[in-house]
Amino acid sequence: MIICMQCGYQNEGKNPKNCENCGALLPRMDTSSMVRMEEQSGRVKQFSDAVEHVRSGEWGAEEFLGFLQEMFDTLSTLRAEIETLIVESDYEEHGSEEVEQGLGGMNMFEEGMQEMSLYTEDGEISHLDLGMEHIIQGNAMLNDAKRINRTSRNKLEDEWGTM
């Protein structure tokens, strides 16, 4: 159900674009960005769960290092795809703040993984805590980049009409 902002009518139709009562354009929510945010939150949870496995003794240094390597490989592939898209589309020229936040967030994830890998060398738990701080900060930066993207898209839609 989508409630019309103009008249308050509760539109029950299957994904209507206009109000069934007054014809006004109905509000839209970009659900694709919500999925990506869940994925990011999921990644933070994956790191948090891995740290808990180490703290509880379920995982030794070797298992944890394997987890870090798998995550690094996955995130490096995603980063390469995103960087290619930025370069090929010349997006940085138009979305420099978004690109800066996004790449900064990716850098923080990498710094967090590097910090966590130090645990496998010396066994100091503090590396896990500091690494998690970097991961959480990186996730916040990525979410901010998504917010900037949504704001820019909404502004374009307002200026040019629904895209």
# chains A, B, ... in the order shown; residues from 1 in each chain; ligands from 1
>>> residues_around(residues="A:Ser126", least_positions_apart="3", cutoff="12 Å", atoms="only C-alpha atoms", output="list in words")
Val51, Arg55, Gly112, Glu115, Met116, Ser117, Leu118, Tyr119, Thr120, Asp122, Gly123, Asp129, Leu130, Gly131, Met132 and Glu133 of chain A
>>> select_by_dssp(residues="stretch 4-131 of chain A", states="strand (DSSP E or B)", output="number ranges by chain")
A: 10-11, 18, 25
>>> atom_distance(atom1="atom CA of A:Phe47", atom2="atom CA of A:Ile135")
8.1 Å
>>> closest_residue(among="A:Asn11, A:Gln69, A:Asn139, A:Gln6", to="A:Ala24", atoms="only C-alpha atoms")
A:Gln6
>>> atom_distance(atom1="atom CA of A:Glu52", atom2="atom CA of A:Lys146")
28.6 Å
>>> closest_residue(among="A:Asp49, A:Glu110, A:Glu70, A:Glu121", to="A:His134", atoms="only C-alpha atoms")
A:Glu110
>>> closest_residue(among="A:Val87, A:Ile125, A:Met113, A:Val99", to="A:Met141", atoms="only C-alpha atoms")
A:Val99
>>> atom_distance(atom1="atom CA of A:Glu97", atom2="atom CA of A:Lys155")
15.2 Å
>>> residues_around(residues="A:Gly102", least_positions_apart="6", cutoff="8 Å", atoms="only C-alpha atoms", output="list in words")
Met141, Leu142, Asp144 and Ala145 of chain A
>>> select_by_dssp(residues="stretch 7-159 of chain A", states="alpha helix (DSSP H)", output="ChimeraX atom specification")
/A:31-56,61-89,91-94,96-122,126-159
>>> residues_around(residues="A:Leu75", least_positions_apart="3", cutoff="10 Å", atoms="only C-alpha atoms", output="PDB file with C-alpha atoms, in the first residue's frame")
ATOM      1  CA  ARG A  43      29.617  -7.677   5.959  1.00  0.00           C
ATOM      2  CA  GLN A  69      41.875 -13.755   2.799  1.00  0.00           C
ATOM      3  CA  GLU A  70      38.470 -14.796   1.457  1.00  0.00           C
ATOM      4  CA  MET A  71      36.930 -11.444   2.422  1.00  0.00           C
ATOM      5  CA  PHE A  72      39.880  -9.536   0.985  1.00  0.00           C
ATOM      6  CA  LEU A  78      34.096  -5.532  -5.955  1.00  0.00           C
ATOM      7  CA  ARG A  79      36.481  -2.602  -5.597  1.00  0.00           C
ATOM      8  CA  ALA A  80      38.028  -3.251  -9.013  1.00  0.00           C
ATOM      9  CA  GLU A  81      34.573  -3.362 -10.625  1.00  0.00           C
ATOM     10  CA  MET A 106      36.709   0.793   0.984  1.00  0.00           C
ATOM     11  CA  PHE A 109      37.706  -1.842   5.259  1.00  0.00           C
ATOM     12  CA  GLU A 110      41.144  -2.744   3.879  1.00  0.00           C
TER      13      GLU A 110
END
>>> residues_around(residues="A:Glu98", least_positions_apart="2", cutoff="12 Å", atoms="only C-alpha atoms", output="mmCIF file with N, CA and C atoms, in the first residue's frame")
data_model
loop_
_atom_site.group_PDB
_atom_site.id
_atom_site.type_symbol
_atom_site.label_atom_id
_atom_site.label_comp_id
_atom_site.auth_asym_id
_atom_site.auth_seq_id
_atom_site.Cartn_x
_atom_site.Cartn_y
_atom_site.Cartn_z
ATOM 1 N N ILE A 86 33.757 3.822 -12.297
ATOM 2 C CA ILE A 86 34.019 5.241 -12.043
ATOM 3 C C ILE A 86 34.850 5.840 -13.175
ATOM 4 N N TYR A 91 32.577 9.281 -13.706
ATOM 5 C CA TYR A 91 31.633 9.631 -12.649
ATOM 6 C C TYR A 91 32.231 10.545 -11.585
ATOM 7 N N GLU A 92 33.525 10.435 -11.356
ATOM 8 C CA GLU A 92 34.152 11.246 -10.312
ATOM 9 C C GLU A 92 33.972 12.740 -10.579
ATOM 10 N N GLU A 93 33.926 13.108 -11.861
ATOM 11 C CA GLU A 93 33.725 14.514 -12.213
ATOM 12 C C GLU A 93 32.367 15.026 -11.720
ATOM 13 N N HIS A 94 31.349 14.148 -11.760
ATOM 14 C CA HIS A 94 29.991 14.552 -11.398
ATOM 15 C C HIS A 94 29.628 14.209 -9.959
ATOM 16 N N GLY A 95 30.256 13.204 -9.408
ATOM 17 C CA GLY A 95 29.911 12.754 -8.059
ATOM 18 C C GLY A 95 31.132 12.636 -7.173
ATOM 19 N N SER A 96 31.955 13.675 -7.154
ATOM 20 C CA SER A 96 33.233 13.588 -6.450
ATOM 21 C C SER A 96 33.074 13.311 -4.957
ATOM 22 N N GLU A 100 34.555 10.014 -3.264
ATOM 23 C CA GLU A 100 35.522 10.164 -2.174
ATOM 24 C C GLU A 100 35.090 9.368 -0.940
ATOM 25 N N GLN A 101 33.822 9.482 -0.570
ATOM 26 C CA GLN A 101 33.311 8.742 0.590
ATOM 27 C C GLN A 101 33.358 7.238 0.328
ATOM 28 N N GLY A 102 32.946 6.818 -0.848
ATOM 29 C CA GLY A 102 32.924 5.397 -1.175
ATOM 30 C C GLY A 102 34.312 4.774 -1.178
ATOM 31 N N LEU A 103 35.250 5.427 -1.861
ATOM 32 C CA LEU A 103 36.614 4.903 -1.892
ATOM 33 C C LEU A 103 37.259 4.965 -0.509
ATOM 34 N N GLY A 104 36.952 6.023 0.236
ATOM 35 C CA GLY A 104 37.453 6.113 1.611
ATOM 36 C C GLY A 104 36.931 4.979 2.479
ATOM 37 N N GLY A 105 35.660 4.637 2.294
ATOM 38 C CA GLY A 105 35.077 3.524 3.036
ATOM 39 C C GLY A 105 35.745 2.198 2.689
ATOM 40 N N MET A 141 31.109 5.185 6.119
ATOM 41 C CA MET A 141 31.469 6.003 4.959
ATOM 42 C C MET A 141 30.773 5.496 3.694
ATOM 43 N N LEU A 142 30.692 4.175 3.537
ATOM 44 C CA LEU A 142 29.991 3.606 2.387
ATOM 45 C C LEU A 142 28.513 3.952 2.434
ATOM 46 N N ASN A 143 27.914 3.878 3.609
ATOM 47 C CA ASN A 143 26.511 4.250 3.738
ATOM 48 C C ASN A 143 26.301 5.733 3.438
ATOM 49 N N ASP A 144 27.262 6.574 3.818
ATOM 50 C CA ASP A 144 27.170 7.999 3.519
ATOM 51 C C ASP A 144 27.256 8.231 2.008
ATOM 52 N N ALA A 145 28.115 7.473 1.330
ATOM 53 C CA ALA A 145 28.210 7.583 -0.135
ATOM 54 C C ALA A 145 26.877 7.222 -0.774
ATOM 55 N N LYS A 146 26.219 6.200 -0.249
ATOM 56 C CA LYS A 146 24.906 5.807 -0.775
ATOM 57 C C LYS A 146 23.869 6.898 -0.523
ATOM 58 N N ARG A 147 23.946 7.531 0.640
ATOM 59 C CA ARG A 147 23.020 8.625 0.957
ATOM 60 C C ARG A 147 23.229 9.780 -0.026
ATOM 61 N N ILE A 148 24.475 10.103 -0.303
ATOM 62 C CA ILE A 148 24.792 11.170 -1.259
ATOM 63 C C ILE A 148 24.241 10.808 -2.627
ATOM 64 N N ASN A 149 24.397 9.553 -3.033
ATOM 65 C CA ASN A 149 23.889 9.099 -4.322
ATOM 66 C C ASN A 149 22.380 9.247 -4.392
ATOM 67 N N ARG A 150 21.679 8.807 -3.348
ATOM 68 C CA ARG A 150 20.210 8.917 -3.337
ATOM 69 C C ARG A 150 19.780 10.376 -3.389
ATOM 70 N N THR A 151 20.454 11.237 -2.643
ATOM 71 C CA THR A 151 20.119 12.662 -2.631
ATOM 72 C C THR A 151 20.309 13.262 -4.020
ATOM 73 N N SER A 152 21.409 12.911 -4.678
ATOM 74 C CA SER A 152 21.676 13.426 -6.029
ATOM 75 C C SER A 152 20.637 12.930 -7.024
ATOM 76 N N ARG A 153 20.290 11.650 -6.922
ATOM 77 C CA ARG A 153 19.286 11.103 -7.831
ATOM 78 C C ARG A 153 17.933 11.750 -7.598
#
